[in-house]
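Engineer: For reference, this is target18.txt, and it has compact mmCIF, C-alpha atoms.
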```txt
# COMPACT_ATOMS: atom_id res chain seq x y z
CA MET A 1 9.93 -73.80 -12.70
CA ALA A 2 9.78 -70.01 -12.32
CA LYS A 3 6.68 -68.65 -10.64
CA ALA A 4 4.42 -66.57 -12.92
CA MET A 5 4.46 -62.86 -12.14
CA SER A 6 1.11 -61.67 -10.84
CA LYS A 7 -0.53 -58.77 -12.63
CA PRO A 8 -0.64 -55.52 -10.61
CA ALA A 9 -4.09 -54.67 -9.34
CA LEU A 10 -6.04 -51.96 -11.07
CA GLU A 11 -5.76 -48.65 -9.19
CA ARG A 12 -9.46 -47.82 -9.34
CA GLN A 13 -9.58 -45.10 -6.62
CA GLY A 14 -12.82 -46.49 -5.21
CA LEU A 15 -14.61 -46.55 -8.57
CA SER A 16 -16.90 -49.49 -9.35
CA ASP A 17 -16.86 -51.50 -12.58
CA ASP A 18 -20.02 -49.69 -13.66
CA GLN A 19 -18.37 -46.31 -13.12
CA LEU A 20 -15.28 -47.38 -15.06
CA ARG A 21 -17.46 -48.60 -17.92
CA TRP A 22 -19.33 -45.29 -17.81
CA MET A 23 -16.01 -43.49 -18.16
CA LEU A 24 -15.09 -45.54 -21.21
CA ARG A 25 -18.46 -44.93 -22.87
CA ASN A 26 -18.21 -41.21 -22.18
CA MET A 27 -14.78 -41.14 -23.82
CA TYR A 28 -16.08 -43.02 -26.88
CA LEU A 29 -18.95 -40.54 -27.06
CA GLN A 30 -16.61 -37.55 -26.91
CA ARG A 31 -14.46 -38.93 -29.71
CA MET A 32 -17.48 -39.73 -31.87
CA LEU A 33 -19.00 -36.26 -31.39
CA ASP A 34 -15.65 -34.65 -32.19
CA ASN A 35 -15.48 -36.60 -35.43
CA ARG A 36 -19.08 -35.70 -36.25
CA GLY A 37 -18.40 -31.98 -35.84
CA PHE A 38 -15.46 -32.09 -38.23
CA GLN A 39 -17.45 -34.20 -40.71
CA LEU A 40 -20.38 -31.78 -40.71
CA ASN A 41 -18.06 -28.83 -41.21
CA ARG A 42 -16.36 -30.46 -44.19
CA GLN A 43 -19.82 -31.18 -45.62
CA GLY A 44 -20.64 -27.49 -45.38
CA LYS A 45 -23.47 -28.10 -42.90
CA ILE A 46 -22.04 -26.17 -39.93
CA PRO A 47 -19.75 -23.10 -39.88
CA PHE A 48 -16.96 -24.59 -37.79
CA ALA A 49 -16.22 -27.15 -35.09
CA THR A 50 -13.95 -27.25 -32.06
CA GLY A 51 -12.36 -30.58 -31.19
CA SER A 52 -11.32 -32.00 -27.83
CA GLU A 53 -9.49 -35.11 -29.07
CA GLY A 54 -6.90 -35.84 -26.39
CA HIS A 55 -8.93 -34.30 -23.55
CA GLU A 56 -11.27 -37.26 -23.06
CA GLY A 57 -9.54 -38.60 -19.95
CA ILE A 58 -9.72 -35.23 -18.22
CA HIS A 59 -13.42 -34.83 -18.98
CA ALA A 60 -14.48 -38.35 -18.02
CA GLY A 61 -12.57 -38.29 -14.73
CA THR A 62 -13.64 -34.78 -13.78
CA ALA A 63 -17.30 -35.46 -14.59
CA LEU A 64 -17.44 -38.22 -11.97
CA ALA A 65 -15.91 -35.91 -9.34
CA PHE A 66 -18.46 -33.17 -10.04
CA ALA A 67 -21.49 -33.11 -7.69
CA ARG A 68 -24.57 -32.83 -9.90
CA GLY A 69 -27.22 -30.55 -8.52
CA LYS A 70 -24.76 -28.80 -6.20
CA ASP A 71 -21.58 -27.74 -7.96
CA ILE A 72 -21.34 -25.08 -10.67
CA LEU A 73 -19.34 -25.61 -13.86
CA VAL A 74 -17.80 -22.63 -15.65
CA PRO A 75 -16.35 -24.35 -18.73
CA TYR A 76 -14.39 -23.29 -21.75
CA TYR A 77 -14.95 -24.13 -25.38
CA ARG A 78 -13.11 -27.47 -25.37
CA ASP A 79 -15.28 -29.00 -22.63
CA MET A 80 -18.00 -30.74 -24.63
CA GLY A 81 -17.20 -34.10 -23.01
CA LEU A 82 -17.32 -32.63 -19.52
CA CYS A 83 -20.68 -30.94 -20.13
CA VAL A 84 -22.16 -34.17 -21.50
CA GLY A 85 -20.51 -36.06 -18.66
CA ILE A 86 -22.37 -34.09 -15.98
CA GLY A 87 -25.70 -34.63 -17.69
CA MET A 88 -26.15 -32.28 -20.66
CA PRO A 89 -28.20 -34.12 -23.33
CA VAL A 90 -26.19 -35.19 -26.36
CA LEU A 91 -28.86 -33.61 -28.55
CA GLN A 92 -27.80 -30.19 -27.24
CA VAL A 93 -24.33 -30.71 -28.73
CA LEU A 94 -25.84 -31.15 -32.19
CA LEU A 95 -28.41 -28.37 -31.74
CA SER A 96 -25.51 -26.08 -30.91
CA MET A 97 -23.55 -27.20 -33.98
CA PHE A 98 -26.54 -26.69 -36.28
CA ALA A 99 -27.66 -23.45 -34.52
CA ARG A 100 -31.25 -24.69 -34.36
CA GLY A 101 -34.00 -22.81 -32.57
CA LYS A 102 -34.41 -25.46 -29.85
CA ASP A 103 -30.81 -25.02 -28.76
CA VAL A 104 -30.69 -23.78 -25.13
CA SER A 105 -29.14 -20.54 -26.41
CA GLY A 106 -31.76 -20.26 -29.15
CA GLY A 107 -29.22 -20.96 -31.89
CA ARG A 108 -27.32 -17.77 -31.03
CA GLN A 109 -24.05 -19.14 -29.72
CA PHE A 110 -20.94 -20.55 -31.39
CA PRO A 111 -20.68 -24.36 -31.47
CA ASN A 112 -19.34 -25.75 -28.18
CA HIS A 113 -20.48 -22.64 -26.27
CA TYR A 114 -22.89 -24.38 -23.94
CA SER A 115 -25.14 -23.17 -21.16
CA TYR A 116 -27.48 -25.31 -19.11
CA HIS A 117 -28.97 -23.62 -16.07
CA SER A 118 -30.58 -26.68 -14.49
CA LEU A 119 -27.22 -28.49 -14.49
CA GLY A 120 -25.26 -25.52 -13.16
CA ILE A 121 -23.39 -24.90 -16.43
CA LEU A 122 -22.68 -21.20 -16.86
CA SER A 123 -22.66 -19.68 -20.32
CA ILE A 124 -19.24 -19.73 -21.98
CA SER A 125 -17.33 -16.55 -22.74
CA SER A 126 -15.40 -16.67 -26.02
CA ILE A 127 -12.78 -14.20 -24.78
CA ILE A 128 -9.86 -16.20 -23.42
CA ALA A 129 -9.92 -16.30 -19.57
CA ALA A 130 -12.85 -13.84 -19.35
CA HIS A 131 -14.95 -16.57 -17.75
CA CYS A 132 -12.57 -16.90 -14.78
CA PRO A 133 -13.90 -13.79 -12.97
CA HIS A 134 -17.42 -15.10 -13.59
CA ALA A 135 -16.46 -18.34 -11.83
CA VAL A 136 -14.90 -16.47 -8.94
CA GLY A 137 -18.05 -14.37 -8.59
CA ALA A 138 -20.16 -17.52 -8.31
CA ALA A 139 -17.81 -18.94 -5.68
CA TYR A 140 -17.89 -15.63 -3.77
CA ALA A 141 -21.70 -15.79 -3.76
CA MET A 142 -21.60 -19.36 -2.42
CA LYS A 143 -19.42 -18.34 0.50
CA LEU A 144 -21.35 -15.13 1.11
CA ARG A 145 -24.62 -17.03 1.40
CA ALA A 146 -22.98 -19.45 3.80
CA GLY A 147 -22.00 -16.54 6.05
CA GLY A 148 -18.31 -16.58 5.27
CA ILE A 149 -17.83 -13.11 3.74
CA GLY A 150 -17.96 -9.89 5.70
CA GLY A 151 -16.41 -8.25 8.75
CA PRO A 152 -13.61 -9.53 11.00
CA SER A 153 -16.00 -11.70 13.01
CA ARG A 154 -16.88 -13.81 9.98
CA PRO A 155 -15.20 -17.25 9.98
CA ASP A 156 -12.44 -17.88 7.46
CA VAL A 157 -13.29 -21.56 7.01
CA VAL A 158 -16.86 -22.04 5.83
CA LYS A 159 -18.24 -25.35 4.63
CA THR A 160 -20.46 -24.58 1.66
CA GLY A 161 -21.01 -28.22 0.72
CA ARG A 162 -20.66 -27.23 -2.94
CA ALA A 163 -17.99 -25.79 -5.20
CA VAL A 164 -17.32 -24.03 -8.47
CA LEU A 165 -15.25 -25.76 -11.13
CA CYS A 166 -13.52 -23.37 -13.54
CA THR A 167 -11.76 -24.93 -16.53
CA PHE A 168 -9.43 -23.39 -19.10
CA GLY A 169 -6.50 -24.10 -21.39
CA ASP A 170 -2.85 -23.28 -20.80
CA GLY A 171 -3.17 -20.12 -22.89
CA SER A 172 -5.61 -18.64 -20.37
CA THR A 173 -2.92 -18.62 -17.69
CA SER A 174 -1.13 -15.85 -19.61
CA GLN A 175 -4.14 -13.52 -19.40
CA GLY A 176 -4.69 -10.83 -16.78
CA GLU A 177 -8.19 -12.02 -15.87
CA TRP A 178 -6.77 -15.40 -14.91
CA HIS A 179 -4.23 -13.89 -12.50
CA GLU A 180 -6.80 -11.54 -10.96
CA SER A 181 -9.20 -14.43 -10.45
CA LEU A 182 -6.69 -16.67 -8.67
CA ASN A 183 -5.52 -13.80 -6.49
CA PHE A 184 -9.06 -12.85 -5.42
CA ALA A 185 -10.09 -16.47 -4.82
CA ALA A 186 -7.00 -17.12 -2.72
CA ILE A 187 -7.46 -14.01 -0.56
CA HIS A 188 -11.06 -14.93 0.26
CA LYS A 189 -10.51 -18.72 0.42
CA LEU A 190 -13.35 -19.28 -2.00
CA PRO A 191 -14.86 -22.72 -2.75
CA ILE A 192 -13.43 -23.06 -6.26
CA VAL A 193 -11.15 -25.38 -8.22
CA PHE A 194 -9.19 -24.02 -11.17
CA LEU A 195 -8.56 -26.80 -13.70
CA CYS A 196 -6.01 -26.12 -16.42
CA GLU A 197 -6.33 -28.57 -19.32
CA ASN A 198 -2.77 -28.21 -20.58
CA ASN A 199 -2.71 -29.61 -24.13
CA GLU A 200 0.63 -27.89 -24.96
CA TRP A 201 -0.85 -25.43 -27.45
CA ALA A 202 -2.45 -22.02 -26.91
CA ILE A 203 -4.06 -22.07 -30.36
CA SER A 204 -0.76 -21.94 -32.31
CA THR A 205 1.58 -20.89 -29.49
CA PRO A 206 3.57 -23.59 -27.65
CA ARG A 207 4.05 -23.39 -23.90
CA ASP A 208 7.71 -22.33 -24.04
CA ARG A 209 6.75 -19.24 -26.06
CA GLN A 210 4.25 -17.97 -23.51
CA MET A 211 5.88 -18.78 -20.16
CA ALA A 212 9.38 -19.38 -18.82
CA ILE A 213 8.35 -22.16 -16.43
CA ALA A 214 7.85 -25.83 -17.17
CA ASP A 215 4.63 -26.42 -15.24
CA ILE A 216 1.47 -24.33 -14.85
CA ILE A 217 1.26 -25.31 -11.17
CA ASP A 218 4.54 -23.46 -10.56
CA LYS A 219 2.34 -20.34 -10.60
CA ALA A 220 0.22 -21.52 -7.66
CA PRO A 221 2.61 -20.64 -4.78
CA GLY A 222 2.63 -17.01 -5.92
CA TYR A 223 -1.01 -16.81 -4.85
CA GLY A 224 -0.64 -18.96 -1.74
CA LEU A 225 -2.50 -21.85 -3.40
CA PRO A 226 -1.75 -25.56 -3.57
CA GLY A 227 -0.99 -26.82 -7.06
CA VAL A 228 -1.47 -30.42 -8.19
CA LYS A 229 -0.36 -31.90 -11.51
CA VAL A 230 -1.96 -35.01 -12.97
CA ASP A 231 -1.73 -37.07 -16.14
CA GLY A 232 -4.94 -36.03 -17.89
CA SER A 233 -4.68 -39.02 -20.21
CA ASP A 234 -5.51 -41.17 -17.18
CA PRO A 235 -9.19 -40.65 -16.24
CA ILE A 236 -8.89 -42.55 -12.96
CA ALA A 237 -5.95 -40.46 -11.74
CA THR A 238 -7.77 -37.32 -12.89
CA TYR A 239 -10.88 -38.35 -10.95
CA ALA A 240 -8.88 -38.86 -7.76
CA VAL A 241 -7.14 -35.47 -7.97
CA MET A 242 -10.31 -33.59 -8.88
CA LYS A 243 -12.34 -35.28 -6.16
CA ASP A 244 -9.78 -34.28 -3.54
CA ALA A 245 -9.65 -30.68 -4.81
CA LEU A 246 -13.43 -30.31 -5.02
CA ASP A 247 -13.94 -31.91 -1.60
CA ARG A 248 -11.38 -29.50 -0.16
CA ALA A 249 -13.27 -26.55 -1.65
CA ARG A 250 -16.63 -27.80 -0.39
CA GLU A 251 -15.25 -28.26 3.14
CA GLY A 252 -13.87 -24.72 3.40
CA GLY A 253 -10.25 -25.43 2.44
CA GLY A 254 -10.21 -22.86 -0.33
CA PRO A 255 -9.06 -22.97 -3.96
CA THR A 256 -6.75 -25.41 -5.68
CA LEU A 257 -4.98 -25.10 -9.03
CA VAL A 258 -4.96 -28.42 -10.90
CA GLU A 259 -2.93 -28.95 -14.06
CA ALA A 260 -4.09 -31.92 -16.12
CA THR A 261 -1.70 -32.64 -18.96
CA CYS A 262 -2.79 -33.97 -22.33
CA TYR A 263 -2.10 -33.38 -26.03
CA ARG A 264 -4.33 -31.68 -28.58
CA PHE A 265 -4.37 -33.98 -31.61
CA LEU A 266 -6.65 -31.87 -33.83
CA SER A 267 -6.40 -28.34 -35.11
CA HIS A 268 -7.55 -25.59 -32.77
CA THR A 269 -10.81 -25.50 -34.76
CA THR A 270 -11.78 -26.47 -38.29
CA ASP A 271 -10.77 -22.91 -39.28
CA ASP A 272 -7.19 -23.53 -38.14
CA ASP A 273 -4.47 -25.16 -40.25
CA ASP A 274 -2.11 -26.58 -37.65
CA ARG A 275 0.37 -27.61 -40.36
CA THR A 276 1.66 -24.04 -40.21
CA TYR A 277 3.07 -24.51 -36.72
CA ARG A 278 3.61 -28.26 -36.15
CA THR A 279 4.45 -31.33 -38.20
CA ARG A 280 2.45 -34.53 -38.64
CA ASP A 281 5.40 -36.43 -37.16
CA GLU A 282 5.15 -34.41 -33.97
CA ILE A 283 1.49 -35.29 -33.60
CA GLU A 284 2.12 -38.98 -34.19
CA SER A 285 4.93 -38.95 -31.63
CA HIS A 286 2.30 -38.14 -28.99
CA ARG A 287 -0.21 -40.83 -30.02
CA HIS A 288 0.90 -43.05 -27.14
CA LEU A 289 -0.84 -40.50 -24.90
CA ASP A 290 -4.22 -40.94 -26.62
CA PRO A 291 -6.52 -41.56 -23.64
CA VAL A 292 -9.23 -43.51 -25.47
CA PRO A 293 -7.27 -46.57 -26.65
CA ARG A 294 -5.14 -46.42 -23.49
CA PHE A 295 -8.13 -46.65 -21.18
CA GLU A 296 -9.88 -49.23 -23.35
CA ALA A 297 -6.79 -51.47 -23.22
CA LEU A 298 -6.49 -51.01 -19.45
CA LEU A 299 -10.08 -52.07 -18.78
CA ILE A 300 -9.80 -55.04 -21.12
CA GLU A 301 -6.54 -56.10 -19.46
CA HIS A 302 -8.15 -56.11 -16.02
CA GLY A 303 -11.39 -57.77 -17.12
CA VAL A 304 -13.65 -54.79 -16.52
CA VAL A 305 -14.85 -55.08 -20.13
CA SER A 306 -14.20 -57.61 -22.85
CA SER A 307 -13.12 -56.76 -26.38
CA GLU A 308 -16.59 -57.72 -27.58
CA GLU A 309 -18.26 -55.45 -25.02
CA ALA A 310 -16.01 -52.55 -26.01
CA SER A 311 -16.83 -53.08 -29.68
CA LYS A 312 -20.56 -53.15 -28.96
CA MET A 313 -20.25 -50.00 -26.84
CA LYS A 314 -18.67 -48.18 -29.79
CA LYS A 315 -21.44 -49.31 -32.12
CA ASP A 316 -24.11 -48.17 -29.67
CA VAL A 317 -22.44 -44.77 -29.31
CA LEU A 318 -22.25 -44.36 -33.09
CA ALA A 319 -25.95 -45.23 -33.39
CA GLU A 320 -26.79 -42.64 -30.73
CA VAL A 321 -24.73 -39.93 -32.43
CA ASN A 322 -26.29 -40.74 -35.81
CA ALA A 323 -29.79 -40.52 -34.34
CA VAL A 324 -29.27 -37.17 -32.60
CA THR A 325 -27.53 -35.77 -35.70
CA ASP A 326 -30.59 -36.58 -37.83
CA GLU A 327 -32.95 -35.24 -35.17
CA ALA A 328 -31.11 -31.93 -34.78
CA GLU A 329 -30.63 -31.36 -38.52
CA ALA A 330 -34.34 -31.83 -39.15
CA LEU A 331 -35.31 -29.06 -36.73
CA PRO A 332 -35.88 -25.44 -37.87
CA TYR A 333 -33.62 -22.44 -37.38
CA PRO A 334 -34.72 -19.70 -34.94
CA ALA A 335 -37.73 -17.71 -36.22
CA PRO A 336 -36.78 -14.30 -37.72
CA GLU A 337 -39.17 -12.50 -35.36
CA GLU A 338 -37.08 -13.75 -32.43
CA LEU A 339 -34.07 -11.72 -33.53
CA TYR A 340 -34.31 -9.29 -30.61
CA ALA A 341 -35.40 -11.80 -27.96
CA HIS A 342 -33.17 -11.81 -24.86
CA VAL A 343 -31.22 -8.83 -26.22
CA TYR A 344 -33.15 -5.91 -24.74
CA GLU A 345 -35.36 -5.75 -21.65
CA GLY A 346 -38.65 -4.08 -22.47
CA PRO A 347 -39.46 -2.08 -25.61
CA TYR A 348 -36.80 -1.57 -28.26
CA GLU A 349 -36.36 0.14 -31.58
CA PRO A 350 -34.74 -1.71 -34.49
CA TRP A 351 -31.57 -0.30 -35.96
CA LEU A 352 -32.19 2.26 -38.69
```
Would you kindly transcribe this structure into structure tokens?

Structural biologist:
Amino acid sequence: MAKAMSKPALERQGLSDDQLRWMLRNMYLQRMLDNRGFQLNRQGKIPFATGSEGHEGIHAGTALAFARGKDILVPYYRDMGLCVGIGMPVLQVLLSMFARGKDVSGGRQFPNHYSYHSLGILSISSIIAAHCPHAVGAAYAMKLRAGGIGGPSRPDVVKTGRAVLCTFGDGSTSQGEWHESLNFAAIHKLPIVFLCENNEWAISTPRDRQMAIADIIDKAPGYGLPGVKVDGSDPIATYAVMKDALDRAREGGGPTLVEATCYRFLSHTTDDDDRTYRTRDEIESHRHLDPVPRFEALLIEHGVVSSEEASKMKKDVLAEVNAVTDEAEALPYPAPEELYAHVYEGPYEPWL
């Protein structure tokens, strides 16, 4: 009788069962919040929503590699799951959507434009790639304070023990600010990781219409940087790559360019009709890359969770999202007299 083939062991990269279950819950939460944003927009309750469906594996894996209380995150507008993953309260996502007064930005920012000082989340810039110089400036300050910037006697390798994580989409890599940022960071060996979340679409422009190379990391050698590509639909693989890159930055090894591949299943935002530039068949042909059911099936297969536990986790996440939606919607908008708050320093005169 033929011997039964043994099942390959789960490549967990040092992660515990609890951490793997946390990843799965975070991915469920991202998907549920994405759906909620689109639902609220269609109900006319919020102006627009930005989805990250397809990015969940990148965000869950990267969040576990991020050092809370030490590292700085300079995100872009599709990073809701990453911001929540490093500790931003879920309520803030809904406060941002509804533009309520208790939002950290006072109800003044677009949805998905988060800022959370105590968690090290810098405010998002809506201009594509304009946040990259901000990230490089933060990394420069880290190294400067550690004594690694200055005259010829200053050491090139400085262990800061912390790093900056700068995220962006593939479209950002075609912008001048992106190139200037990588060049400056490479020259000064700054403690920063550049993470490209390559979902194949720069709004409505496919990769082959904005660059003549196949991989974003092919740009890294031009700046003297290492480039690492990872399947962003695999949160465990993403965690391993991001941990190595962030550890390298913290230990004085300088910047790394990471390209995490995924597929954007939703429109750019609720204001975008993606039927004008891609077919439904094309989207469905990429569904095998969907990180949420893929990771759920993997954990069930290896006994990390059962089907019943996964089902309960989804119900709990839905209950949480429903509760914070009701809480945020019930809160008031910013008071009219706060219109000029945080706009001018000192006395001001209204426009006449």

Engineer: Can you tell me, as a list in words, what residues are no more than 10 Å from Ala335 (chain A) when counting all atoms listed in the file, ignoring any on the same chain fewer than 3 positions away?

Structural biologist: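 The residues satisfying every condition are Arg100, Gly101, Gly106, Pro332, Glu338 and Leu339 of chain A.
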
Engineer: Find, counting all atoms listed in the file, the residue in A:Pro47, A:Pro75, A:Gly107, A:Pro293 that gets nearest to Pro336 (chain A).

Structural biologist: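 For Pro336 (chain A), the nearest of the given residues is A:Gly107.
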
Engineer: At a cut-off of 8 Å, using all atoms listed in the file, what residues contact Cys196 (chain A)? Leave out same-chain residues fewer than 2 positions from it and give the result as a list in words.

Structural biologist: Thr167, Phe168, Gly169, Asp170, Phe194, Asn198, Ile216, Leu257, Val258, Glu259 and Ala260 of chain A

Engineer: Kindly indicate which residue among A:Tyr76, A:Phe110, A:Phe98, A:Tyr344 lies nearest to Ile124 (chain A), using all atoms listed in the file for the distances.

Structural biologist: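 The closest residue to Ile124 (chain A) is A:Tyr76.
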
Engineer: Excluding Leu94 (chain A) and residues on its chain fewer than 3 positions from it, collect all residues at most 7 Å away from it, counting all atoms listed in the file, and give them as a list in words.

Structural biologist: Leu91, Met97, Phe98, Val324, Thr325 and Ala328 of chain A

Engineer: CA of Arg264 (chain A) and CA of Ala139 (chain A), how far apart in Å?

Structural biologist: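 For CA of Ala139 (chain A) relative to CA of Arg264 (chain A), the distance reads 29.5 Å.
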
Engineer: Name the residues in contact with His268 (chain A) at a cut-off of 12 Å, using all atoms listed in the file, excluding same-chain residues fewer than 2 positions from it; report them as a VMD selection string.

Structural biologist: chain A and resid 38 48 to 53 77 to 78 169 199 to 205 263 to 266 270 to 278

Engineer: Any idea what's packed within 9 Å of Pro255 (chain A), counting only C-alpha atoms, ignoring anything in its chain fewer than 5 positions away? Could you give it as a short mmCIF file (atom, residue, chain, number, x, y, z; two decimals) with C-alpha atoms, in the coordinates of the input?

Structural biologist:
```
data_model
loop_
_atom_site.label_atom_id
_atom_site.label_comp_id
_atom_site.auth_asym_id
_atom_site.auth_seq_id
_atom_site.Cartn_x
_atom_site.Cartn_y
_atom_site.Cartn_z
CA LEU A 182 -6.69 -16.67 -8.67
CA ALA A 185 -10.09 -16.47 -4.82
CA ALA A 186 -7.00 -17.12 -2.72
CA LYS A 189 -10.51 -18.72 0.42
CA LEU A 190 -13.35 -19.28 -2.00
CA PRO A 191 -14.86 -22.72 -2.75
CA ILE A 192 -13.43 -23.06 -6.26
CA VAL A 193 -11.15 -25.38 -8.22
CA PHE A 194 -9.19 -24.02 -11.17
CA LEU A 225 -2.50 -21.85 -3.40
CA PRO A 226 -1.75 -25.56 -3.57
CA ALA A 245 -9.65 -30.68 -4.81
CA LEU A 246 -13.43 -30.31 -5.02
CA ARG A 248 -11.38 -29.50 -0.16
CA ALA A 249 -13.27 -26.55 -1.65
#
```

Engineer: Looking at A:Cys132, A:Met313, A:Val292, A:Val104, which one is nearest to Glu180 (chain A), with distances taken over all atoms listed in the file?

Structural biologist: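 Checking each candidate against Glu180 (chain A), we get A:Cys132 as the closest.
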
Engineer: Which residue is closest to Ala129 (chain A)? Choose from A:Asp290, A:Glu177, A:Asp218, A:Asp103 and count only C-alpha atoms.

Structural biologist: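 Closest to Ala129 (chain A) of all the choices is A:Glu177.
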
Engineer: Figure out the distance between CA of Glu309 (chain A) and CA of Met242 (chain A), please, to one decimal in Å.

Structural biologist: 28.3 Å

Engineer: Measure the distance from CA of Ala138 (chain A) to CA of Val93 (chain A) in Å and round it to one decimal.

Structural biologist: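 Taking CA of Ala138 (chain A) and CA of Val93 (chain A), their separation equals 24.7 Å.
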
Engineer: Find the residue from A:Arg21, A:Leu165, A:Lys45, A:Gly227 that sits nearest to Ser306 (chain A); use all atoms listed in the file when measuring.

Structural biologist: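 Selected residue with least distance to Ser306 (chain A): A:Arg21.
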